[in-house]
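Visitor: Mind looking over this structure? Questions follow.
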Amino acid sequence: MAWRPVCSTGIVRVGTKRLRVAWTSAGVAFVDDATPTAKRLMAKRLKMQLVERSVPAAIAAAIKKAPQRPGGDDVPIDLSWARDYERDVLLAARSIPWGETQPYSWLAREARRPRAIRAAASVIACNPLWFLVPWHRVVHKGGSDGKNNSSFAKRKRALLAREQHTNV
């Protein structure tokens with residue numbers, strides 16, 4: 001068997017939600033709902049061997065505070081698993097201030113590939129750090145959140161409303 005880097009994983013409860021968190025010494029690498037398949041999906045996406053451990057108190061506290069604070073950018077994240085463009089897109093999204101939105105075209109420009117708007121949208125749609133990287137602040141050109149009744153759109157509107165965004 002080929003050597004694979006190791007990443008720790010464990011469960012954190014945030015309100016009524018159970019989250020599976022994966023972390024390295026550099027920071028949080030993945031957050032997902034604690035479903036029966038989450039650990040396997042994390043290992044595949046991160047290309048790392050996951051080792052079950054208790055979540056360190058500092059990481060657990062940071063994850064628990066993330067929904068209540070602007071930005072959440074004090075939680076260190078590990079993007080070593082990401083391709084260059086994925087890393088650039090996620091870091092650009094993380095820079096959008098609390099209560100503000102930016103269009104996908106802005107996100108692509110910030111990631112230094114202004115014509116790769118659909119690619120930026122794909123990175124946000126598959127964001128494994130959705131709990132820490134504010135995907136909901138990225139909207140369609142003109143400020144639309146793609147209003148429809150999908151669970152994705154409903155969650156986006158709820159998160160923007162929580163931030164008291166005026167264009168919800």
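Ordering of the structure tokens sets the chain letters (A, B, ...); residue numbers start at 1 within each chain; ligands are numbered from 1 in the order shown.
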Based on the backbone DSSP call, show me all residues of range 34-138 of chain A assigned strand (DSSP E), as an MDAnalysis selection string.
Guide: chainID A and resid 49:52 102:103 138
Visitor: Would you kindly return, as a VMD selection string, each protein, DNA or RNA residue with an atom no farther than 12 Å from any atom of Val138 in chain A, considering only C-alpha atoms and excluding same-chain residues fewer than 6 positions away?
Guide: chain A and resid 89 to 90 92 to 108 117 120 to 125 144 to 146 153 156 to 157 159 to 160
Visitor: Pick out each residue of range 18-78 of chain A that DSSP on the backbone tags as helix (DSSP H, G or I); I need them as a list in words.
Guide: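 So, restricting range 18-78 of chain A to helix (DSSP H, G or I), we get Ala38, Lys39, Arg40, Leu41, Met42, Ala43, Lys44, Arg45, Leu46, Ala57, Ala58, Ile59, Ala60, Ala61, Ala62, Ile63, Lys64, Lys65, Ala66, Pro67 and Gln68 of chain A.
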Visitor: Next, the residues of the selection above should be written as a PDB file, in the first residue's frame with N, CA and C atoms.
Guide:
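Result went into result.pdb, see below:
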```pdb
ATOM      1  N   ALA A  38     -19.667  10.191   5.455  1.00  0.00           N
ATOM      2  CA  ALA A  38     -18.848  11.408   5.458  1.00  0.00           C
ATOM      3  C   ALA A  38     -17.353  11.110   5.561  1.00  0.00           C
ATOM      4  N   LYS A  39     -16.974  10.206   6.423  1.00  0.00           N
ATOM      5  CA  LYS A  39     -15.554   9.919   6.629  1.00  0.00           C
ATOM      6  C   LYS A  39     -14.915   9.368   5.353  1.00  0.00           C
ATOM      7  N   ARG A  40     -15.609   8.468   4.690  1.00  0.00           N
ATOM      8  CA  ARG A  40     -15.084   7.895   3.440  1.00  0.00           C
ATOM      9  C   ARG A  40     -14.952   8.971   2.363  1.00  0.00           C
ATOM     10  N   LEU A  41     -15.963   9.848   2.255  1.00  0.00           N
ATOM     11  CA  LEU A  41     -15.917  10.919   1.262  1.00  0.00           C
ATOM     12  C   LEU A  41     -14.792  11.911   1.559  1.00  0.00           C
ATOM     13  N   MET A  42     -14.584  12.204   2.839  1.00  0.00           N
ATOM     14  CA  MET A  42     -13.491  13.101   3.220  1.00  0.00           C
ATOM     15  C   MET A  42     -12.140  12.529   2.819  1.00  0.00           C
ATOM     16  N   ALA A  43     -11.930  11.261   3.132  1.00  0.00           N
ATOM     17  CA  ALA A  43     -10.650  10.614   2.814  1.00  0.00           C
ATOM     18  C   ALA A  43     -10.389  10.653   1.315  1.00  0.00           C
ATOM     19  N   LYS A  44     -11.425  10.417   0.536  1.00  0.00           N
ATOM     20  CA  LYS A  44     -11.280  10.431  -0.923  1.00  0.00           C
ATOM     21  C   LYS A  44     -10.946  11.832  -1.429  1.00  0.00           C
ATOM     22  N   ARG A  45     -11.669  12.841  -0.939  1.00  0.00           N
ATOM     23  CA  ARG A  45     -11.455  14.217  -1.408  1.00  0.00           C
ATOM     24  C   ARG A  45     -10.101  14.756  -0.955  1.00  0.00           C
ATOM     25  N   LEU A  46      -9.733  14.483   0.290  1.00  0.00           N
ATOM     26  CA  LEU A  46      -8.477  14.996   0.822  1.00  0.00           C
ATOM     27  C   LEU A  46      -7.265  14.196   0.362  1.00  0.00           C
ATOM     28  N   ALA A  57      -9.889  20.911  21.810  1.00  0.00           N
ATOM     29  CA  ALA A  57     -10.806  21.913  22.367  1.00  0.00           C
ATOM     30  C   ALA A  57     -10.787  23.212  21.565  1.00  0.00           C
ATOM     31  N   ALA A  58      -9.618  23.652  21.112  1.00  0.00           N
ATOM     32  CA  ALA A  58      -9.516  24.910  20.369  1.00  0.00           C
ATOM     33  C   ALA A  58     -10.263  24.826  19.033  1.00  0.00           C
ATOM     34  N   ILE A  59     -10.139  23.699  18.334  1.00  0.00           N
ATOM     35  CA  ILE A  59     -10.841  23.527  17.057  1.00  0.00           C
ATOM     36  C   ILE A  59     -12.339  23.416  17.296  1.00  0.00           C
ATOM     37  N   ALA A  60     -12.736  22.632  18.293  1.00  0.00           N
ATOM     38  CA  ALA A  60     -14.166  22.484  18.608  1.00  0.00           C
ATOM     39  C   ALA A  60     -14.784  23.834  18.954  1.00  0.00           C
ATOM     40  N   ALA A  61     -14.104  24.622  19.770  1.00  0.00           N
ATOM     41  CA  ALA A  61     -14.622  25.937  20.162  1.00  0.00           C
ATOM     42  C   ALA A  61     -14.732  26.856  18.951  1.00  0.00           C
ATOM     43  N   ALA A  62     -13.739  26.835  18.077  1.00  0.00           N
ATOM     44  CA  ALA A  62     -13.766  27.682  16.877  1.00  0.00           C
ATOM     45  C   ALA A  62     -14.908  27.283  15.948  1.00  0.00           C
ATOM     46  N   ILE A  63     -15.115  25.988  15.764  1.00  0.00           N
ATOM     47  CA  ILE A  63     -16.209  25.505  14.904  1.00  0.00           C
ATOM     48  C   ILE A  63     -17.555  25.914  15.507  1.00  0.00           C
ATOM     49  N   LYS A  64     -17.692  25.779  16.813  1.00  0.00           N
ATOM     50  CA  LYS A  64     -18.958  26.121  17.469  1.00  0.00           C
ATOM     51  C   LYS A  64     -19.268  27.609  17.374  1.00  0.00           C
ATOM     52  N   LYS A  65     -18.242  28.455  17.356  1.00  0.00           N
ATOM     53  CA  LYS A  65     -18.442  29.903  17.271  1.00  0.00           C
ATOM     54  C   LYS A  65     -18.639  30.392  15.831  1.00  0.00           C
ATOM     55  N   ALA A  66     -18.237  29.607  14.840  1.00  0.00           N
ATOM     56  CA  ALA A  66     -18.258  30.051  13.441  1.00  0.00           C
ATOM     57  C   ALA A  66     -19.598  30.617  12.985  1.00  0.00           C
ATOM     58  N   PRO A  67     -20.742  30.008  13.311  1.00  0.00           N
ATOM     59  CA  PRO A  67     -22.005  30.566  12.816  1.00  0.00           C
ATOM     60  C   PRO A  67     -22.372  31.926  13.411  1.00  0.00           C
ATOM     61  N   GLN A  68     -21.825  32.287  14.555  1.00  0.00           N
ATOM     62  CA  GLN A  68     -22.224  33.526  15.221  1.00  0.00           C
ATOM     63  C   GLN A  68     -21.307  34.709  14.927  1.00  0.00           C
TER      64      GLN A  68
END
```
Visitor: Write out as a tab-separated table (two decimals) with all heavy atoms, in the first residue's frame the residues lying within 6 Å of range 4-14 of chain A, counting only C-alpha atoms and excluding same-chain residues fewer than 4 positions away.
Guide:
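Output below, filename out.tsv:
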```tsv
chain	number	residue	atom	x	y	z
A	18	ARG	N	-24.70	17.72	14.06
A	18	ARG	CA	-23.45	16.96	14.29
A	18	ARG	C	-22.60	17.11	13.03
A	18	ARG	O	-23.05	16.79	11.94
A	18	ARG	CB	-23.76	15.49	14.54
A	18	ARG	CG	-24.32	15.22	15.91
A	18	ARG	CD	-24.67	13.76	16.07
A	18	ARG	NE	-23.76	12.92	15.28
A	18	ARG	CZ	-22.98	11.95	15.77
A	18	ARG	NH1	-23.05	11.63	17.00
A	18	ARG	NH2	-22.18	11.27	14.99
A	19	LEU	N	-21.37	17.59	13.22
A	19	LEU	CA	-20.46	17.79	12.10
A	19	LEU	C	-19.24	16.91	12.25
A	19	LEU	O	-18.70	16.75	13.34
A	19	LEU	CB	-20.00	19.25	12.05
A	19	LEU	CG	-21.08	20.31	11.84
A	19	LEU	CD1	-20.48	21.70	11.97
A	19	LEU	CD2	-21.76	20.13	10.50
A	20	ARG	N	-18.80	16.34	11.13
A	20	ARG	CA	-17.52	15.63	11.10
A	20	ARG	C	-16.49	16.63	10.61
A	20	ARG	O	-16.67	17.28	9.59
A	20	ARG	CB	-17.57	14.41	10.18
A	20	ARG	CG	-16.21	13.71	10.13
A	20	ARG	CD	-16.27	12.32	9.56
A	20	ARG	NE	-16.91	11.37	10.44
A	20	ARG	CZ	-16.34	10.81	11.52
A	20	ARG	NH1	-15.10	11.14	11.86
A	20	ARG	NH2	-16.99	9.94	12.24
A	21	VAL	N	-15.42	16.76	11.37
A	21	VAL	CA	-14.36	17.71	11.07
A	21	VAL	C	-13.08	16.93	10.81
A	21	VAL	O	-12.76	15.98	11.53
A	21	VAL	CB	-14.15	18.68	12.26
A	21	VAL	CG1	-13.04	19.67	11.97
A	21	VAL	CG2	-15.43	19.39	12.60
A	22	ALA	N	-12.34	17.34	9.79
A	22	ALA	CA	-11.01	16.78	9.53
A	22	ALA	C	-10.00	17.91	9.69
A	22	ALA	O	-10.24	19.03	9.22
A	22	ALA	CB	-10.94	16.19	8.12
A	23	TRP	N	-8.89	17.62	10.35
A	23	TRP	CA	-7.89	18.66	10.58
A	23	TRP	C	-6.49	18.08	10.54
A	23	TRP	O	-6.27	16.89	10.72
A	23	TRP	CB	-8.14	19.37	11.92
A	23	TRP	CG	-7.83	18.54	13.12
A	23	TRP	CD1	-6.65	18.49	13.82
A	23	TRP	CD2	-8.69	17.59	13.76
A	23	TRP	NE1	-6.74	17.59	14.85
A	23	TRP	CE2	-7.99	17.03	14.85
A	23	TRP	CE3	-10.01	17.17	13.54
A	23	TRP	CZ2	-8.53	16.06	15.67
A	23	TRP	CZ3	-10.55	16.21	14.37
A	23	TRP	CH2	-9.83	15.67	15.42
A	24	THR	N	-5.56	18.97	10.26
A	24	THR	CA	-4.14	18.65	10.29
A	24	THR	C	-3.47	19.64	11.25
A	24	THR	O	-4.16	20.47	11.84
A	24	THR	CB	-3.49	18.80	8.89
A	24	THR	OG1	-3.52	20.19	8.54
A	24	THR	CG2	-4.21	17.97	7.85
A	48	MET	N	-6.13	11.65	1.87
A	48	MET	CA	-5.39	11.40	3.10
A	48	MET	C	-6.04	10.26	3.86
A	48	MET	O	-7.22	9.99	3.71
A	48	MET	CB	-5.41	12.64	4.00
A	48	MET	CG	-4.69	13.84	3.45
A	48	MET	SD	-4.70	15.16	4.69
A	48	MET	CE	-4.18	16.54	3.71
A	49	GLN	N	-5.24	9.60	4.66
A	49	GLN	CA	-5.75	8.58	5.56
A	49	GLN	C	-6.32	9.30	6.79
A	49	GLN	O	-5.66	10.16	7.38
A	49	GLN	CB	-4.62	7.66	5.98
A	49	GLN	CG	-5.03	6.62	6.99
A	49	GLN	CD	-3.84	5.80	7.45
A	49	GLN	OE1	-2.77	5.82	6.85
A	49	GLN	NE2	-4.03	5.08	8.53
A	50	LEU	N	-7.57	8.99	7.15
A	50	LEU	CA	-8.19	9.65	8.30
A	50	LEU	C	-8.06	8.78	9.54
A	50	LEU	O	-8.33	7.58	9.50
A	50	LEU	CB	-9.67	9.93	8.02
A	50	LEU	CG	-9.93	10.93	6.89
A	50	LEU	CD1	-11.42	11.13	6.71
A	50	LEU	CD2	-9.25	12.25	7.16
A	51	VAL	N	-7.67	9.41	10.63
A	51	VAL	CA	-7.53	8.74	11.91
A	51	VAL	C	-8.53	9.36	12.88
A	51	VAL	O	-8.55	10.59	13.06
A	51	VAL	CB	-6.09	8.88	12.45
A	51	VAL	CG1	-5.97	8.25	13.83
A	51	VAL	CG2	-5.09	8.29	11.48
A	52	GLU	N	-9.37	8.52	13.48
A	52	GLU	CA	-10.39	9.00	14.41
A	52	GLU	C	-9.73	9.46	15.71
A	52	GLU	O	-8.96	8.72	16.32
A	52	GLU	CB	-11.38	7.86	14.70
A	52	GLU	CG	-12.65	8.28	15.35
A	52	GLU	CD	-13.60	9.04	14.43
A	52	GLU	OE1	-13.67	8.75	13.22
A	52	GLU	OE2	-14.27	9.94	14.94
A	53	ARG	N	-10.03	10.69	16.11
A	53	ARG	CA	-9.48	11.26	17.34
A	53	ARG	C	-10.52	12.18	17.96
A	53	ARG	O	-11.48	12.60	17.32
A	53	ARG	CB	-8.24	12.10	17.03
A	53	ARG	CG	-7.09	11.27	16.48
A	53	ARG	CD	-5.76	11.91	16.85
A	53	ARG	NE	-4.69	10.98	16.59
A	53	ARG	CZ	-3.87	11.06	15.56
A	53	ARG	NH1	-3.97	12.03	14.70
A	53	ARG	NH2	-2.92	10.17	15.40
A	54	SER	N	-10.30	12.55	19.20
A	54	SER	CA	-11.12	13.58	19.84
A	54	SER	C	-10.72	14.92	19.23
A	54	SER	O	-9.53	15.19	19.06
A	54	SER	CB	-10.87	13.62	21.35
A	54	SER	OG	-11.30	12.43	21.93
A	55	VAL	N	-11.70	15.73	18.94
A	55	VAL	CA	-11.43	17.04	18.36
A	55	VAL	C	-10.80	17.93	19.43
A	55	VAL	O	-11.35	18.04	20.53
A	55	VAL	CB	-12.72	17.69	17.82
A	55	VAL	CG1	-12.45	19.06	17.23
A	55	VAL	CG2	-13.38	16.79	16.78
A	64	LYS	N	-17.69	25.78	16.81
A	64	LYS	CA	-18.96	26.12	17.47
A	64	LYS	C	-19.27	27.61	17.37
A	64	LYS	O	-20.42	28.01	17.30
A	64	LYS	CB	-18.94	25.68	18.93
A	64	LYS	CG	-19.02	24.18	19.08
A	64	LYS	CD	-18.90	23.76	20.52
A	64	LYS	CE	-18.89	22.24	20.61
A	64	LYS	NZ	-18.78	21.78	21.99
```
Visitor: Fewer than 6 positions away in the same chain doesn't count, so skip those; otherwise give me all residues within 7 Å of Val28 in chain A, counting only C-alpha atoms, as a ChimeraX atom specification.
Guide: /A:22,76-78
Visitor: Residues as selected, all heavy atoms, written as a PDB file, in the first residue's frame, can you do that?
Guide:
```pdb
ATOM      1  N   ALA A  22     -12.337  17.339   9.793  1.00  0.00           N
ATOM      2  CA  ALA A  22     -11.008  16.778   9.528  1.00  0.00           C
ATOM      3  C   ALA A  22     -10.004  17.906   9.686  1.00  0.00           C
ATOM      4  O   ALA A  22     -10.243  19.026   9.222  1.00  0.00           O
ATOM      5  CB  ALA A  22     -10.943  16.191   8.121  1.00  0.00           C
ATOM      6  N   PRO A  76      -8.006  28.652  11.591  1.00  0.00           N
ATOM      7  CA  PRO A  76      -7.029  28.289  10.562  1.00  0.00           C
ATOM      8  C   PRO A  76      -7.568  27.146   9.695  1.00  0.00           C
ATOM      9  O   PRO A  76      -8.192  26.217  10.205  1.00  0.00           O
ATOM     10  CB  PRO A  76      -5.796  27.863  11.350  1.00  0.00           C
ATOM     11  CG  PRO A  76      -6.276  27.558  12.717  1.00  0.00           C
ATOM     12  CD  PRO A  76      -7.549  28.323  12.935  1.00  0.00           C
ATOM     13  N   ILE A  77      -7.363  27.266   8.398  1.00  0.00           N
ATOM     14  CA  ILE A  77      -7.789  26.201   7.489  1.00  0.00           C
ATOM     15  C   ILE A  77      -6.575  25.651   6.754  1.00  0.00           C
ATOM     16  O   ILE A  77      -5.577  26.344   6.571  1.00  0.00           O
ATOM     17  CB  ILE A  77      -8.876  26.668   6.493  1.00  0.00           C
ATOM     18  CG1 ILE A  77      -8.408  27.825   5.624  1.00  0.00           C
ATOM     19  CG2 ILE A  77     -10.154  27.032   7.236  1.00  0.00           C
ATOM     20  CD1 ILE A  77      -9.394  28.224   4.535  1.00  0.00           C
ATOM     21  N   ASP A  78      -6.651  24.395   6.378  1.00  0.00           N
ATOM     22  CA  ASP A  78      -5.590  23.711   5.643  1.00  0.00           C
ATOM     23  C   ASP A  78      -6.113  23.410   4.248  1.00  0.00           C
ATOM     24  O   ASP A  78      -7.038  22.614   4.087  1.00  0.00           O
ATOM     25  CB  ASP A  78      -5.205  22.415   6.360  1.00  0.00           C
ATOM     26  CG  ASP A  78      -4.105  21.647   5.634  1.00  0.00           C
ATOM     27  OD1 ASP A  78      -3.710  22.047   4.518  1.00  0.00           O
ATOM     28  OD2 ASP A  78      -3.650  20.641   6.190  1.00  0.00           O
TER      29      ASP A  78
END
```
